[in-house]
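The structure file query_38.csv is reproduced below (CSV, C-alpha atoms and all ligand atoms).
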```csv
chain,number,residue,atom,x,y,z
A,150,MET,CA,96.8,123.5,99.6
A,151,ALA,CA,94.7,126.4,98.7
A,152,SER,CA,94.6,125.1,95.2
A,153,LEU,CA,93.4,121.7,96.3
A,154,LEU,CA,90.7,123.3,98.3
A,155,LEU,CA,89.7,125.5,95.3
A,156,THR,CA,89.7,122.4,93.1
A,157,ILE,CA,87.5,120.6,95.5
A,158,PHE,CA,85.1,123.5,95.7
A,159,ALA,CA,85.1,123.8,92.0
A,160,ILE,CA,84.0,120.2,91.9
A,161,LEU,CA,81.5,120.4,94.6
A,162,PHE,CA,80.1,123.9,93.9
A,163,PRO,CA,78.1,122.9,90.8
A,164,LEU,CA,76.7,120.1,93.0
A,165,PHE,CA,75.4,122.6,95.5
A,166,LEU,CA,74.0,124.8,92.8
A,167,ALA,CA,72.4,122.0,91.0
A,168,SER,CA,70.9,120.6,94.2
A,169,HIS,CA,68.1,123.1,94.0
A,170,GLY,CA,67.0,121.8,90.6
A,171,SER,CA,65.8,118.4,89.8
A,172,THR,CA,69.1,116.7,88.9
A,173,ALA,CA,72.7,117.0,90.1
A,174,THR,CA,75.2,117.9,87.4
A,175,ILE,CA,78.5,116.8,88.9
A,176,SER,CA,80.4,114.1,87.0
A,177,VAL,CA,83.9,112.7,86.5
A,178,GLN,CA,84.0,114.7,83.3
A,179,ASP,CA,84.4,117.9,85.3
A,180,LEU,CA,87.5,116.8,87.1
A,181,PRO,CA,90.7,118.6,86.3
A,182,THR,CA,93.2,116.3,84.6
A,183,LEU,CA,97.0,116.2,84.6
A,184,SER,CA,99.6,115.5,81.9
A,185,PHE,CA,101.9,112.6,82.5
A,186,GLU,CA,104.8,114.9,83.3
A,187,GLU,CA,102.8,116.8,85.9
A,188,GLY,CA,101.8,113.9,88.0
A,189,TYR,CA,103.5,110.6,87.0
A,190,ILE,CA,106.7,108.7,86.4
A,191,GLN,CA,107.4,105.6,84.4
A,192,LEU,CA,108.1,102.5,86.5
A,193,PHE,CA,109.2,99.9,83.9
A,194,GLY,CA,108.8,98.8,80.3
A,195,ASP,CA,111.1,101.4,78.7
A,196,THR,CA,109.7,101.9,75.1
A,197,ASN,CA,106.5,100.1,76.0
A,198,LEU,CA,105.2,103.4,77.6
A,199,LYS,CA,104.3,106.0,75.0
A,200,LEU,CA,102.9,109.5,75.5
A,201,LEU,CA,100.5,111.1,73.1
A,202,GLY,CA,98.7,114.4,72.9
A,203,GLY,CA,101.3,116.2,75.0
A,204,GLY,CA,101.3,113.6,77.7
A,205,ARG,CA,97.5,113.7,78.1
A,206,THR,CA,97.2,110.1,76.8
A,207,VAL,CA,99.5,107.3,77.9
A,208,HIS,CA,99.8,103.9,76.1
A,209,ILE,CA,101.3,101.0,78.0
A,210,SER,CA,101.9,97.8,76.2
A,211,LEU,CA,102.7,94.2,76.8
A,212,VAL,CA,105.0,92.3,74.4
A,213,GLU,CA,106.8,89.0,75.1
A,214,ARG,CA,109.9,90.8,76.5
A,215,THR,CA,108.1,93.0,79.0
A,216,GLY,CA,104.9,94.8,80.1
A,217,ALA,CA,105.0,98.4,81.3
A,218,GLY,CA,103.8,100.6,84.1
A,219,PHE,CA,103.7,104.1,85.7
A,220,ALA,CA,103.1,105.6,89.1
A,221,SER,CA,102.1,108.9,90.6
A,222,GLN,CA,105.0,111.1,91.7
A,223,ASP,CA,103.3,111.8,95.0
A,224,LEU,CA,102.1,109.8,97.9
A,225,PHE,CA,98.6,110.5,99.0
A,226,LEU,CA,96.5,110.1,102.1
A,227,HIS,CA,92.9,110.0,100.9
A,228,GLY,CA,91.5,111.5,97.7
A,229,PHE,CA,89.7,110.8,94.5
A,230,PHE,CA,91.8,109.1,91.8
A,231,SER,CA,90.5,108.6,88.3
A,232,ALA,CA,91.5,107.7,84.8
A,233,SER,CA,89.8,107.0,81.5
A,234,ILE,CA,91.0,103.6,80.3
A,235,LYS,CA,90.5,101.6,77.1
A,236,LEU,CA,91.5,98.0,77.3
A,237,PRO,CA,93.3,96.0,74.6
A,238,SER,CA,90.9,94.5,72.1
A,239,HIS,CA,91.1,91.2,70.3
A,240,TYR,CA,92.1,88.0,72.1
A,241,ALA,CA,93.7,89.2,75.4
A,242,ALA,CA,93.6,86.1,77.6
A,243,GLY,CA,96.2,86.2,80.4
A,244,VAL,CA,96.7,90.0,79.9
A,245,VAL,CA,96.3,91.9,83.2
A,246,VAL,CA,95.8,95.6,83.3
A,247,THR,CA,95.7,97.3,86.6
A,248,PHE,CA,94.8,100.7,88.1
A,249,TYR,CA,95.5,100.7,91.8
A,250,MET,CA,96.9,102.3,94.9
A,251,THR,CA,99.4,100.7,97.2
A,252,ASN,CA,102.2,101.3,99.7
A,253,GLY,CA,103.7,97.9,99.3
A,254,ASP,CA,107.2,99.3,98.5
A,255,MET,CA,107.2,101.0,102.0
A,256,PHE,CA,105.4,98.4,104.1
A,257,GLU,CA,106.3,95.0,102.9
A,258,LYS,CA,104.3,93.0,105.4
A,259,THR,CA,101.7,95.6,106.4
A,260,HIS,CA,100.8,97.2,103.2
A,261,ASP,CA,97.5,98.8,102.1
A,262,GLU,CA,96.1,98.4,98.6
A,263,LEU,CA,93.0,99.4,96.6
A,264,ASP,CA,92.8,97.7,93.2
A,265,PHE,CA,91.1,97.7,89.9
A,266,GLU,CA,92.4,94.6,88.0
A,267,PHE,CA,91.2,93.8,84.5
A,268,LEU,CA,91.6,90.1,83.9
A,269,GLY,CA,92.0,89.5,80.2
A,270,ASN,CA,89.4,87.9,77.9
A,271,VAL,CA,89.0,85.1,75.5
A,272,ARG,CA,87.8,86.2,72.2
A,273,GLY,CA,84.0,86.3,72.2
A,274,ARG,CA,83.9,86.5,75.9
A,275,GLU,CA,83.9,89.6,78.0
A,276,TRP,CA,86.7,91.1,80.0
A,277,ARG,CA,86.2,90.9,83.8
A,278,VAL,CA,87.1,93.4,86.4
A,279,GLN,CA,88.2,92.6,89.9
A,280,THR,CA,88.5,94.9,92.9
A,281,ASN,CA,90.7,94.2,95.9
A,282,VAL,CA,91.0,95.9,99.3
A,283,TYR,CA,94.0,95.2,101.6
A,284,GLY,CA,94.5,97.0,104.9
A,285,ASN,CA,97.7,96.6,106.9
A,286,GLY,CA,98.7,93.5,104.9
A,287,SER,CA,95.4,91.7,105.4
A,288,THR,CA,92.3,91.2,103.3
A,289,GLY,CA,90.3,91.1,106.6
A,290,VAL,CA,88.2,94.0,105.5
A,291,SER,CA,86.9,92.4,102.3
A,292,ARG,CA,88.2,90.1,99.7
A,293,GLU,CA,88.5,90.4,96.0
A,294,GLU,CA,85.2,90.8,94.1
A,295,ARG,CA,84.8,90.2,90.4
A,296,TYR,CA,82.3,91.8,88.1
A,297,ASN,CA,81.1,91.6,84.5
A,298,PHE,CA,81.0,94.8,82.5
A,299,TRP,CA,77.7,96.2,81.1
A,300,PHE,CA,79.6,97.5,78.1
A,301,ASP,CA,82.6,96.4,76.0
A,302,PRO,CA,85.6,98.0,77.7
A,303,THR,CA,87.7,97.6,74.6
A,304,ASP,CA,85.4,99.7,72.5
A,305,ASP,CA,86.0,103.0,74.0
A,306,PHE,CA,87.4,104.8,77.0
A,307,HIS,CA,85.5,104.6,80.3
A,308,HIS,CA,86.2,106.3,83.6
A,309,TYR,CA,87.5,104.2,86.5
A,310,SER,CA,87.7,105.9,89.9
A,311,ILE,CA,88.7,105.2,93.4
A,312,LEU,CA,87.4,107.3,96.3
A,313,TRP,CA,89.4,106.8,99.5
A,314,SER,CA,88.5,108.8,102.5
A,315,HIS,CA,89.0,108.5,106.1
A,316,ASP,CA,85.9,106.4,106.5
A,317,ARG,CA,84.9,104.9,103.2
A,318,ILE,CA,86.2,103.5,99.9
A,319,ILE,CA,84.1,103.5,96.8
A,320,PHE,CA,85.1,102.1,93.4
A,321,TYR,CA,83.3,103.6,90.4
A,322,ILE,CA,83.0,102.6,86.8
A,323,ASP,CA,81.9,105.8,85.0
A,324,GLU,CA,79.5,107.3,87.5
A,325,VAL,CA,78.3,103.9,88.7
A,326,PRO,CA,79.6,102.9,92.2
A,327,ILE,CA,80.4,99.2,92.0
A,328,ARG,CA,81.7,98.7,95.5
A,329,GLU,CA,81.7,100.5,98.8
A,330,VAL,CA,83.7,99.7,102.0
A,331,VAL,CA,82.7,101.7,105.0
A,332,ARG,CA,85.1,101.8,107.9
A,333,SER,CA,83.8,100.3,111.1
A,334,GLN,CA,85.1,100.3,114.7
A,335,THR,CA,86.1,96.6,114.5
A,336,MET,CA,88.2,97.0,111.3
A,337,GLY,CA,91.0,98.9,113.0
A,338,ALA,CA,94.0,99.0,110.7
A,339,ASP,CA,92.4,96.5,108.3
A,340,PHE,CA,90.9,99.7,106.8
A,341,PRO,CA,93.7,101.2,104.5
A,342,SER,CA,95.0,104.1,106.4
A,343,LYS,CA,98.6,104.7,105.4
A,344,PRO,CA,99.7,106.9,102.5
A,345,MET,CA,99.7,105.2,99.1
A,346,SER,CA,100.8,106.0,95.5
A,347,LEU,CA,98.7,105.4,92.4
A,348,TYR,CA,99.9,102.8,89.8
A,349,ALA,CA,98.9,101.6,86.4
A,350,THR,CA,100.4,98.6,84.8
A,351,ILE,CA,100.1,95.9,82.1
A,352,TRP,CA,101.7,92.5,82.5
A,353,ASP,CA,101.5,88.8,81.8
A,354,GLY,CA,99.2,87.0,84.2
A,355,SER,CA,99.0,83.8,82.2
A,356,SER,CA,99.2,81.6,85.3
A,357,TRP,CA,96.0,82.9,86.9
A,358,ALA,CA,94.2,85.8,85.2
A,359,THR,CA,91.8,84.3,82.7
A,360,SER,CA,89.6,81.3,83.8
A,361,GLY,CA,92.1,80.5,86.5
A,362,GLY,CA,95.1,80.3,84.1
A,363,ARG,CA,93.4,78.1,81.6
A,364,TYR,CA,94.0,80.6,78.8
A,365,LYS,CA,97.5,82.1,78.4
A,366,VAL,CA,98.8,85.2,76.7
A,367,LYS,CA,99.3,84.6,73.0
A,368,TYR,CA,102.1,86.8,71.8
A,369,LYS,CA,101.2,86.4,68.2
A,370,TYR,CA,98.6,89.0,68.9
A,371,ALA,CA,101.0,91.4,70.7
A,372,PRO,CA,101.5,94.2,71.4
A,373,TYR,CA,98.6,94.5,73.8
A,374,ILE,CA,98.0,98.1,74.4
A,375,ALA,CA,96.1,99.6,77.3
A,376,LYS,CA,95.3,103.3,76.9
A,377,PHE,CA,95.0,105.8,79.7
A,378,ALA,CA,93.6,109.4,79.5
A,379,ASN,CA,92.0,112.0,81.7
A,380,LEU,CA,94.4,111.2,84.5
A,381,SER,CA,93.2,112.8,87.7
A,382,LEU,CA,94.7,112.9,91.2
A,383,GLN,CA,92.5,114.8,93.6
A,384,GLY,CA,94.2,113.8,96.8
A,385,CYS,CA,95.9,115.0,99.9
A,386,ILE,CA,99.7,114.8,99.2
A,387,VAL,CA,101.9,113.7,102.1
A,388,ASN,CA,105.6,114.2,102.6
A,389,PRO,CA,107.4,110.9,101.7
A,390,SER,CA,110.1,111.2,104.4
A,391,ASN,CA,107.9,111.8,107.5
A,392,HIS,CA,104.4,111.2,106.1
A,393,SER,CA,103.3,114.5,107.5
A,394,SER,CA,100.4,115.9,105.6
A,395,PRO,CA,99.9,119.6,104.8
A,396,CYS,CA,96.2,119.1,104.1
A,397,ASP,CA,94.2,120.9,106.7
A,398,ASP,CA,91.1,119.6,108.3
A,399,SER,CA,88.7,121.2,105.9
A,400,ASP,CA,90.2,119.2,103.0
A,401,HIS,CA,89.8,116.1,105.0
A,402,ASN,CA,86.3,117.0,105.9
A,403,LEU,CA,85.4,117.4,102.2
A,404,PHE,CA,86.7,114.1,101.2
A,405,ASN,CA,85.1,112.6,104.2
A,406,THR,CA,81.7,113.9,103.4
A,407,MET,CA,81.6,112.2,100.0
A,408,THR,CA,79.2,109.3,100.2
A,409,LEU,CA,76.6,107.6,98.1
A,410,SER,CA,73.1,108.8,97.5
A,411,SER,CA,70.3,106.4,98.2
A,412,ASP,CA,69.8,106.0,94.4
A,413,GLN,CA,73.5,105.2,93.9
A,414,ARG,CA,73.4,102.7,96.7
A,415,LEU,CA,70.4,101.1,95.1
A,416,MET,CA,72.2,101.0,91.9
A,417,MET,CA,75.3,99.4,93.5
A,418,LEU,CA,73.1,96.7,95.0
A,419,SER,CA,71.7,96.0,91.6
A,420,THR,CA,75.2,95.7,90.1
A,421,SER,CA,76.4,93.3,92.7
A,422,GLY,CA,73.5,91.0,92.3
A,423,GLY,CA,74.3,89.1,95.5
A,424,THR,CA,76.0,89.2,98.8
A,425,VAL,CA,78.6,86.5,98.2
A,426,PRO,CA,82.0,87.8,97.4
A,427,GLY,CA,83.5,86.3,94.2
A,428,GLU,CA,81.5,85.8,91.1
A,429,LYS,CA,79.0,88.6,90.5
A,430,ALA,CA,75.8,88.4,88.7
A,431,ASP,CA,75.4,89.8,85.2
A,432,ILE,CA,74.6,93.5,85.4
A,433,ALA,CA,73.1,94.1,82.0
A,434,GLY,CA,69.5,95.2,81.6
A,435,GLY,CA,68.2,96.7,84.8
A,436,ILE,CA,71.3,98.7,85.5
A,437,ARG,CA,71.1,100.4,82.2
A,438,PHE,CA,67.7,101.7,83.0
A,439,GLU,CA,68.9,103.0,86.3
A,440,LEU,CA,71.9,104.6,84.7
A,441,ASN,CA,69.7,107.2,83.0
A,442,CYS,CA,68.7,108.8,86.2
A,443,VAL,CA,72.1,108.9,87.9
A,444,SER,CA,74.6,109.2,85.2
A,445,HIS,CA,75.6,112.7,86.3
A,446,ILE,CA,75.9,112.1,90.0
A,447,LEU,CA,79.4,111.4,91.1
A,448,VAL,CA,79.5,112.3,94.7
A,449,HIS,CA,76.9,113.0,97.3
A,450,VAL,CA,77.4,115.3,100.2
A,451,GLN,CA,75.8,113.8,103.1
A,452,GLY,CA,72.5,115.3,104.2
A,453,THR,CA,72.6,118.1,101.7
A,454,PHE,CA,70.2,117.1,99.0
A,455,ASP,CA,68.8,113.8,99.7
A,456,LYS,CA,65.4,115.0,98.6
A,457,THR,CA,66.4,116.9,95.5
A,458,ILE,CA,68.0,114.1,93.4
A,459,ALA,CA,65.1,113.4,91.2
A,460,CYS,CA,65.7,110.1,89.7
A,461,ARG,CA,62.4,109.1,88.1
B,501,LIG,C1,88.3,112.6,78.8
B,501,LIG,O1,87.2,113.2,79.4
B,501,LIG,C2,86.4,114.1,78.5
B,501,LIG,C3,85.4,114.7,79.4
B,501,LIG,O2,84.6,113.7,80.0
B,501,LIG,C4,85.8,113.3,77.4
B,501,LIG,O3,85.1,114.1,76.5
B,501,LIG,C5,86.9,112.6,76.7
B,501,LIG,O4,86.3,111.7,75.8
B,501,LIG,C6,87.8,111.8,77.6
B,501,LIG,N1,88.9,111.3,76.9
B,501,LIG,C7,89.0,110.0,76.7
B,501,LIG,C8,90.2,109.6,75.9
B,501,LIG,O5,88.2,109.2,77.2
B,502,LIG,C1,99.5,96.0,111.4
B,502,LIG,O1,99.9,94.7,111.3
B,502,LIG,C2,101.1,94.4,112.1
B,502,LIG,C3,101.6,93.0,111.8
B,502,LIG,O2,100.6,92.1,111.8
B,502,LIG,C4,100.8,94.6,113.6
B,502,LIG,O3,102.0,94.4,114.3
B,502,LIG,C5,100.3,96.0,113.8
B,502,LIG,O4,99.9,96.2,115.1
B,502,LIG,C6,99.2,96.3,112.9
B,502,LIG,N1,98.9,97.8,112.9
B,502,LIG,C7,97.8,98.2,113.5
B,502,LIG,C8,97.7,99.7,113.5
B,502,LIG,O5,96.9,97.5,113.9
B,503,LIG,C1,108.3,116.7,107.4
B,503,LIG,O1,109.3,117.0,106.5
B,503,LIG,C2,109.2,118.3,105.8
B,503,LIG,C3,110.4,118.5,104.9
B,503,LIG,O2,111.0,117.3,104.5
B,503,LIG,C4,109.2,119.4,106.8
B,503,LIG,O3,109.0,120.6,106.2
B,503,LIG,C5,108.0,119.2,107.8
B,503,LIG,O4,108.0,120.2,108.8
B,503,LIG,C6,108.1,117.8,108.4
B,503,LIG,N1,106.9,117.6,109.2
B,503,LIG,C7,107.0,117.0,110.4
B,503,LIG,C8,105.7,116.9,111.1
B,503,LIG,O5,108.0,116.6,110.9
```

Hey, can you dump this file as structure tokens for me?
Amino acid sequence: MASLLLTIFAILFPLFLASHGSTATISVQDLPTLSFEEGYIQLFGDTNLKLLGGGRTVHISLVERTGAGFASQDLFLHGFFSASIKLPSHYAAGVVVTFYMTNGDMFEKTHDELDFEFLGNVRGREWRVQTNVYGNGSTGVSREERYNFWFDPTDDFHHYSILWSHDRIIFYIDEVPIREVVRSQTMGADFPSKPMSLYATIWDGSSWATSGGRYKVKYKYAPYIAKFANLSLQGCIVNPSNHSSPCDDSDHNLFNTMTLSSDQRLMMLSTSGGTVPGEKADIAGGIRFELNCVSHILVHVQGTFDKTIACR
């Protein structure tokens, strides 16, 4: 655990240093990454999972016969989970790419889950991304939310991250928080609180993914390849047999102090465009302007430098 602690300090230390200046310098780009062998196992799809660059890049593909997927070797209770992902280009209706955490294999009826789901596209229209939060088998906390991208996710790799701490969940695209769920007293077990593993998959979601299933996967365009890189697991590993966690309190405290700055919260509001779950407003334009001032802020340690993040 010393190494986890060190890692976290390594992430946060530049943040503290930089907090005396006018901008914070922390970013997902500074996170340590793992090779596939170090942190993951293949779940399905045999030859549809390919390792490149010494296992630093993973390609999973969908063909008519099968999709593919992989998972973290370890179970985690809280942490920061991240990958750079490039989605399949061309016509990809019905193709679902996921990056998520769940414990559904251990708790069939009372599982927890935190999802990024990428829901295909029809040529000429943009991919959409959906986030889901399940706690103890229920979506009582908050339902799925869908967003448009403010860039073309098939053009290049972008970072997708999930922060899951004792009292909050934040989904990030690059350094932009797109959704935050803060634990409240009334949530109880609806807030995900059991150990989860991390998963990444690609599969055929013809029946529902794109425009409610109107557009199906067209295998004449296969293989559809989703590319993953910069795999990062900054979490508290728990023992799979008894769920005991060797992480000491200070680790927990560090994760638990990660929260959003007021600028980030403002930006998140401007990405969500409304309070109604479901369809989200277009986030082009204004957000890009905001991005310039916060593009290097990943996490904010509560109370430490509220006044020193100079945005404008
Ligand atoms: C991985 O992260 C590094 C640092 O941010 C970045 O330079 C590189 O482009 C990323 N790799 C991919 C494939 O996105
Ligand atoms: C989780 O859900 C199950 C089944 O609905 C319920 O019996 C259990 O009490 C819940 N757990 C907690 C901690 O609330
Ligand atoms: C959990 O299991 C591991 C080994 O499997 C053991 O070392 C540890 O002491 C156990 N923890 C508890 C709280 O039972």

Within 10 Å of ligand LIG 501 (chain B): each chain A residue with its shortest pair, all atoms listed in the file, as CSV:
```
residue,atom,partner,partner_atom,distance
A:Ser176,CA,B:LIG501,O2,8.2
A:Val177,CA,B:LIG501,O2,6.6
A:Gln178,CA,B:LIG501,O2,3.5
A:Asp179,CA,B:LIG501,O2,6.8
A:Leu180,CA,B:LIG501,C3,8.3
A:Pro181,CA,B:LIG501,O1,9.4
A:Thr182,CA,B:LIG501,C1,8.4
A:Arg205,CA,B:LIG501,C8,8.7
A:Thr206,CA,B:LIG501,C8,7.1
A:Val207,CA,B:LIG501,C8,9.8
A:Ala232,CA,B:LIG501,C1,8.4
A:Ser233,CA,B:LIG501,O5,5.1
A:Ile234,CA,B:LIG501,O5,7.0
A:Lys235,CA,B:LIG501,O5,7.9
A:Asp305,CA,B:LIG501,O5,7.3
A:Phe306,CA,B:LIG501,O5,4.5
A:His307,CA,B:LIG501,O5,6.2
A:His308,CA,B:LIG501,O5,7.3
A:Asp323,CA,B:LIG501,O2,9.7
A:Lys376,CA,B:LIG501,C8,8.2
A:Phe377,CA,B:LIG501,C8,7.2
A:Ala378,CA,B:LIG501,C8,5.0
A:Asn379,CA,B:LIG501,C1,4.7
A:Leu380,CA,B:LIG501,C1,8.5
```

Could you dump the residues just selected with C-alpha atoms as a compact mmCIF listing (two decimals), keeping the file's coordinate frame?
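Generated output (out.txt):
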```
# COMPACT_ATOMS: atom_id res chain seq x y z
CA SER A 176 80.40 114.10 87.00
CA VAL A 177 83.90 112.70 86.50
CA GLN A 178 84.00 114.70 83.30
CA ASP A 179 84.40 117.90 85.30
CA LEU A 180 87.50 116.80 87.10
CA PRO A 181 90.70 118.60 86.30
CA THR A 182 93.20 116.30 84.60
CA ARG A 205 97.50 113.70 78.10
CA THR A 206 97.20 110.10 76.80
CA VAL A 207 99.50 107.30 77.90
CA ALA A 232 91.50 107.70 84.80
CA SER A 233 89.80 107.00 81.50
CA ILE A 234 91.00 103.60 80.30
CA LYS A 235 90.50 101.60 77.10
CA ASP A 305 86.00 103.00 74.00
CA PHE A 306 87.40 104.80 77.00
CA HIS A 307 85.50 104.60 80.30
CA HIS A 308 86.20 106.30 83.60
CA ASP A 323 81.90 105.80 85.00
CA LYS A 376 95.30 103.30 76.90
CA PHE A 377 95.00 105.80 79.70
CA ALA A 378 93.60 109.40 79.50
CA ASN A 379 92.00 112.00 81.70
CA LEU A 380 94.40 111.20 84.50
```

**Q.** Nearest-residue call for ligand LIG 503 (chain B), choices A:Leu409, A:Trp313, A:Thr280, A:Pro389, using all atoms listed in the file
**A.** A:Pro389

Q.
Need the shell around Met336 in chain A: protein/DNA/RNA residues with any atom at most 12 Å away, counting only C-alpha atoms. Skip same-chain ones fewer than 2 positions apart. Format as a PyMOL selection string?
A. chain A and resi 283-285+287-291+316-317+330-334+338-342

Q: Write as an NGL selection string the residues around ligand LIG 503 (chain B), taking 12 Å as the cut-off and counting all atoms listed in the file.
A: :A and (387-396)

Q | Contact residues around Arg328 in chain A with only C-alpha atoms at 8 Å, ignoring same-chain residues under 5 positions, as a list in words | A |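 Counting only C-alpha atoms, the residues come to Ile318, Ile319, Phe320, Tyr321 and Met417 of chain A.
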
Q.
Within 6 Å of (97.5, 109.4, 104.4) (file coordinates; only C-alpha atoms), which protein or nucleic acid residues are there? I'd like them as a VMD selection string.
A. chain A and resid 225 to 227 343 to 344

(Q) So, with all atoms listed in the file as the atoms that count, which of A:Gly253, A:Gly204, A:Pro372, A:Gly286 lies closest to Trp352 in chain A? (A)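 Checking each of A:Gly253, A:Gly204, A:Pro372, A:Gly286 against Trp352 in chain A, counting all atoms listed in the file, the winner is A:Pro372.
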
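Of the listed residues (A:Ile311, A:Gly269, A:Tyr373, A:His260), A:His260 comes nearest to ligand LIG 502 (chain B); the distances count all atoms listed in the file.
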
Q. So which one's closest to ligand LIG 502 (chain B), A:Gly194, A:Gly362, A:Gly218, A:Gly337? Using all atoms listed in the file, please.
A.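 Selected residue with least distance to ligand LIG 502 (chain B): A:Gly337.
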
Q | Long-range neighbours of Ala375 in chain A as a PyMOL selection string, 8 Å cut-off, all atoms listed in the file, 5 positions minimum in chain | A | chain A and resi 208-210+234-237+246+351

(Q) Could you check the closest approach to ligand LIG 502 (chain B) for each of A:Asp261, A:Glu186, A:Glu329, A:Asp304 and tell me which residue wins, using all atoms listed in the file? (A)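 Smallest separation from ligand LIG 502 (chain B) among the options: A:Asp261.
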
**Q.** Among listed residues A:Phe248, A:Tyr309, A:Phe300, A:Phe219, nearest Leu263 in chain A (using all atoms listed in the file)
**A.**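 Closest to Leu263 in chain A of all the choices is A:Phe248.
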
Q) Taking (111.6, 100.5, 83.5) in the file's coordinates, which residues come within 12 Å, counting only C-alpha atoms, written as a list in words? A)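 Looking at atoms near the point gives Ile190, Gln191, Leu192, Phe193, Gly194, Asp195, Thr196, Asn197, Leu198, Ile209, Thr215, Gly216, Ala217, Gly218, Phe219, Ala220 and Thr350 of chain A.
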
How would the residues just picked look written out with C-alpha atoms as a JSON list (two decimals), in the coordinates of the input?
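Okay, selection06.json is ready:
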```
[["chain", "number", "residue", "atom", "x", "y", "z"],
["A", 190, "ILE", "CA", 106.70, 108.70, 86.40],
["A", 191, "GLN", "CA", 107.40, 105.60, 84.40],
["A", 192, "LEU", "CA", 108.10, 102.50, 86.50],
["A", 193, "PHE", "CA", 109.20, 99.90, 83.90],
["A", 194, "GLY", "CA", 108.80, 98.80, 80.30],
["A", 195, "ASP", "CA", 111.10, 101.40, 78.70],
["A", 196, "THR", "CA", 109.70, 101.90, 75.10],
["A", 197, "ASN", "CA", 106.50, 100.10, 76.00],
["A", 198, "LEU", "CA", 105.20, 103.40, 77.60],
["A", 209, "ILE", "CA", 101.30, 101.00, 78.00],
["A", 215, "THR", "CA", 108.10, 93.00, 79.00],
["A", 216, "GLY", "CA", 104.90, 94.80, 80.10],
["A", 217, "ALA", "CA", 105.00, 98.40, 81.30],
["A", 218, "GLY", "CA", 103.80, 100.60, 84.10],
["A", 219, "PHE", "CA", 103.70, 104.10, 85.70],
["A", 220, "ALA", "CA", 103.10, 105.60, 89.10],
["A", 350, "THR", "CA", 100.40, 98.60, 84.80]]
```

Q. What does the distance from CA of Ile386 in chain A to CA of Asp223 in chain A come to in Å, to one decimal?
A. 6.3 Å

Q: Extract, using all atoms listed in the file, all DNA, RNA and protein residues at most 7 Å from Asn270 in chain A, discarding same-chain residues fewer than 2 positions from it, and format them as JSON, numbers by chain.
A: {"A": [240, 241, 242, 268, 272, 274, 275, 276, 359]}

Same residues, C-alpha atoms, output as a tab-separated table (two decimals), keeping the file's coordinate frame:
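Result saved to result_13.tsv:
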```tsv
chain	number	residue	atom	x	y	z
A	240	TYR	CA	92.10	88.00	72.10
A	241	ALA	CA	93.70	89.20	75.40
A	242	ALA	CA	93.60	86.10	77.60
A	268	LEU	CA	91.60	90.10	83.90
A	272	ARG	CA	87.80	86.20	72.20
A	274	ARG	CA	83.90	86.50	75.90
A	275	GLU	CA	83.90	89.60	78.00
A	276	TRP	CA	86.70	91.10	80.00
A	359	THR	CA	91.80	84.30	82.70
```

Q.
Just to confirm, what's the straight-line distance from CA of Glu213 in chain A to CA of Lys369 in chain A in Å (one decimal)?
A.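 So the two atoms, CA of Glu213 in chain A and CA of Lys369 in chain A, lie 9.3 Å apart.
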
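One distance worth recording is that between CA of Leu347 in chain A and CA of Ala371 in chain A, which is 25.9 Å.
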
Grab range 268-289 of chain A from that structure and dump C-alpha atoms to a file, as a tab-separated table (two decimals), in the first residue's frame.
```tsv
chain	number	residue	atom	x	y	z
A	268	LEU	CA	-23.78	4.05	-28.35
A	269	GLY	CA	-22.74	3.77	-31.96
A	270	ASN	CA	-23.39	6.30	-34.66
A	271	VAL	CA	-24.97	6.63	-38.01
A	272	ARG	CA	-22.64	7.96	-40.58
A	273	GLY	CA	-22.68	11.72	-40.56
A	274	ARG	CA	-24.09	11.84	-37.05
A	275	GLU	CA	-22.11	11.83	-33.90
A	276	TRP	CA	-21.51	9.09	-31.39
A	277	ARG	CA	-23.29	9.52	-28.10
A	278	VAL	CA	-22.08	8.62	-24.66
A	279	GLN	CA	-24.25	7.48	-21.79
A	280	THR	CA	-23.42	7.20	-18.10
A	281	ASN	CA	-25.28	4.92	-15.69
A	282	VAL	CA	-25.10	4.58	-11.92
A	283	TYR	CA	-26.54	1.53	-10.12
A	284	GLY	CA	-26.33	0.99	-6.38
A	285	ASN	CA	-27.38	-2.29	-4.75
A	286	GLY	CA	-29.26	-3.35	-7.87
A	287	SER	CA	-31.23	-0.16	-8.18
A	288	THR	CA	-30.97	3.00	-10.25
A	289	GLY	CA	-32.57	4.87	-7.38
```
